[in-house]
Amino acid sequence: MFFRDKLTLFFSIGFPFLFLLIFGFVFQDEGSVSPSPYRYAYLVQNGELEVWIPELDKVFKSKGMPVSSVEEGLQKLRGGTLDAFIYLSDSEKRFYGRDGSRDQPYYSAFVEVANKMLSTEDEKFLIAMENVEYRLGEQEVTSLDYTVTGVIAISLLTTGMFSAISIFSVQKKEGTLRRIQVTPVPGSIFVLSMASTRLIVGLFSTFVILFFSRLIFHTNYQIRWILLTITSTSGLISMLGLGTVISFIFNKPVAAQTAGSLIMTVMMFFSGVYFPLDFLPNFLKVLGRALPTYYVALAVRYSVGLEFLSKIGYTTIVLSLATFGILALTFAGYFSFKSEIR
Amino acid sequence: MKLDVGLICGESNGLGSQILMRAFEQLSTGEDGIILLHRFSELEEAIEAMKKRQVVAVVEIPDDFDRDFVSALLKQRMGQDFESAILKIHTIPGKETSQLALQILQSITGTISDRMDANPDAGVVEYELVESSTTFRYVDWIVPGIVLMALMTVGLFGVGTTLVYMRRKGLLKRLRTTPLTNAELTFSLLASRGLIMAMQVVVICLYAVWILKADRSHFDWQFFLWTAFSGVVVCSMGTAIASLVKSLEGVEVVTNTLNWVLMFLSGLYFPVFGVPWVVRWIVYISPITYLAEGYRGFYGLSLAPYPRFLNLLVPTLWTIFFLVVTITRFRWSEEV
């Protein structure tokens, strides 16, 4: 039945894989300053200095436009047709930025990179930074490694929640639950078997995402397989419970699916799985920390060696998620079946 | 946004520490402040706080920092070679906020060094900000993206999925037995969606102006005319999907896929013109990309690397294509 349900199949396997590809390809290039090109012009007084131009093209991700004078470059900059103008001569290097562009995404970062690139190698600063890194494991970690764990958390969310909505709302509407009730199979066995199949699919989806992220994007984890299995199981059970509660609250399948989509959108944007919570205002940080996906993502990161968590903290997270899921499945599932008897 | 940064400064109170503290204070005060400093007395305590996600990075001013700073400054002023004073930044690799804090703190040290340098070296880059006729504000840049996300949701789900659902349930067939003509039916469906879109846009605009303090002048006749055009494009996309996809399950999969792909790869929330070509082709064939840049182009906020006329041409071509598909392939009832 699971594989005939295209929507659930999509949300369980296709959707997380789609997200892996989108976010992986958009954010994989850590060497790049920005996922967008900036327009720049240059004026080089000495032909030998033109060696800088191909390097600047890489930083700005666009071909620089030569201008004939400083005034021309500044005029274009003021008018907004350029984001930066660079003047290079034997005696000076000038980088003109646009005051109005400072809020542009990544603008300050690329100015920093371009400035550093143009500075002479032996320029010394009074203060030097020594970056001391703290890693959980030996592996090199990139921001994409963090993003993929968010994909796994969302995968567990979509697999669990939409599966439960499909069973307790869509299938209920189509009379499937009523037909099952006339069989000798108890409702509890039905719920258990439904949860078990989704669990297998959820674990499969998790391992597929890890496999393809390693294959395509060369992510690097120190996976603790037992912990990852426990995390995925408890995460999935909690999301199955969430989906069951949604189906119980919203009787109509369309309403339940819409509510599920809305909750998924909120969880994706506000639980810190794709964008750090620190970028959000304080009240949204509080909301984010109240969402179950935040804790699922945290536990997944701990399981793959990216996050620091105490044993008590991890145990609390997985037990809480599993307890909520089991209780929700039990009560909401019971009442969903009971309403079919009438 | 404010980044929580831990600070260990021990007993340091010399020239270097004072300059650093002043720079940190400038970065943390007021509405534009970007860091929030948390002082710790012990390094281990600060590192534990970082591991528990209470701070994103820890700045450690070593005990010998002031001595090294003054020594470096004196030698620099005398034109002698010097060793930089070391400032330690503790971070977690790969964590975006940690790396962002590192970049911000690195720029502070560079700025301090530049300001203290009495004899600028010819190799140093002079940086100058030029006043521009337009100012980029992210809130003004993202509002069109939010509007388009709302329109797209109605176009895909409100038109595409709804039409397939109505066909599957036989509603379209029953409606055709009434005196209503096909044109009237189509118009009423699209008009109802248009009304929903209009309400969405009004709410978003009010929220943008009153809460997010977006520039009011951007919501002019050009904005609303472009919104109407965008509504036509996304609705035609919905009708084309309803014409090509027969099953309800299939249309849910298609609309959800398109919704999420176009949401992230049409530049609605962040610029995507520099992504790898593996996905960049989606950016360039998506009509939503051009609709978003069309909005932004009116107010000098567009970051698109192509000519502006494409913002009108590409969505128009797509609309014609969608309408041709709808006219030739749409069925009012499920075929037996």
# chains A, B, ... in the order shown; residues from 1 in each chain; ligands from 1
>>> residues_around(residues="Met21 of chain B", least_positions_apart="4", cutoff="12 Å", atoms="only C-alpha atoms", output="PyMOL selection string")
chain B and resi 7-9+12-17+25-28+37+39+59-61+105+108-109+112
>>> select_by_dssp(residues="segment 15-262 of chain B", states="helix (DSSP H, G or I)", output="ChimeraX atom specification")
/B:15-28,43-51,65-77,96-116,138-168,171-176,182-210,216-218,221-244,248-262
>>> residues_around(residues="Phe27 of chain A", least_positions_apart="3", cutoff="7 Å", atoms="only C-alpha atoms", output="short mmCIF file (atom, residue, chain, number, x, y, z; two decimals) with N, CA and C atoms, in the first residue's frame")
data_model
loop_
_atom_site.label_atom_id
_atom_site.label_comp_id
_atom_site.auth_asym_id
_atom_site.auth_seq_id
_atom_site.Cartn_x
_atom_site.Cartn_y
_atom_site.Cartn_z
N PHE A 23 20.01 22.05 -1.92
CA PHE A 23 20.88 22.72 -0.95
C PHE A 23 22.33 22.33 -1.12
N GLY A 24 22.55 21.11 -1.50
CA GLY A 24 23.92 20.68 -1.72
C GLY A 24 24.60 21.47 -2.83
N LEU A 144 28.27 22.45 4.67
CA LEU A 144 27.36 21.54 3.97
C LEU A 144 27.07 20.31 4.83
#
>>> residues_around(residues="Arg329 of chain B", least_positions_apart="2", cutoff="9 Å", atoms="only C-alpha atoms", output="ChimeraX atom specification")
/B:240,243-244,324-327,331
>>> residues_around(residues="Ser303 of chain A", least_positions_apart="5", cutoff="6 Å", atoms="only C-alpha atoms", output="ChimeraX atom specification")
/A:224,227-228
>>> atom_distance(atom1="atom CA of Thr81 of chain A", atom2="atom CA of Tyr40 of chain A")
8.8 Å
>>> residues_around(residues="segment 169-185 of chain B", least_positions_apart="4", cutoff="9 Å", atoms="only C-alpha atoms", output="MDAnalysis selection string")
chainID B and resid 163:165 189:190 332:334
>>> write_last_selection(atoms="N, CA and C atoms", output="CSV table (one decimal), in the first residue's frame")
chain,number,residue,atom,x,y,z
B,163,LEU,N,-8.2,22.0,-9.8
B,163,LEU,CA,-8.8,21.5,-11.1
B,163,LEU,C,-8.8,20.0,-11.2
B,164,VAL,N,-7.7,19.4,-10.9
B,164,VAL,CA,-7.6,17.9,-10.9
B,164,VAL,C,-8.5,17.3,-9.9
B,165,TYR,N,-8.6,17.9,-8.8
B,165,TYR,CA,-9.5,17.4,-7.7
B,165,TYR,C,-11.0,17.4,-8.2
B,189,LEU,N,-13.5,30.4,-11.8
B,189,LEU,CA,-12.4,29.8,-11.0
B,189,LEU,C,-11.2,30.7,-10.9
B,190,LEU,N,-10.8,31.3,-12.0
B,190,LEU,CA,-9.6,32.1,-12.0
B,190,LEU,C,-9.9,33.4,-11.2
B,332,TRP,N,-12.3,18.1,-19.3
B,332,TRP,CA,-13.2,18.5,-18.3
B,332,TRP,C,-13.7,17.2,-17.4
B,333,SER,N,-13.4,16.1,-18.0
B,333,SER,CA,-13.8,14.9,-17.2
B,333,SER,C,-12.7,13.8,-17.4
B,334,GLU,N,-12.7,12.9,-16.4
B,334,GLU,CA,-11.7,11.8,-16.5
B,334,GLU,C,-12.1,10.9,-17.6
>>> closest_residue(among="A:Tyr294, A:Phe212, A:Trp225, A:Phe125", to="chain B", atoms="only C-alpha atoms")
A:Phe125
>>> residues_around(residues="Val159 of chain B", least_positions_apart="4", cutoff="10 Å", atoms="only C-alpha atoms", output="JSON, numbers by chain")
{"B": [152, 153, 154, 155, 163, 164, 165, 189, 190, 192, 193, 234, 235, 236, 237, 238, 239, 240, 241, 242]}
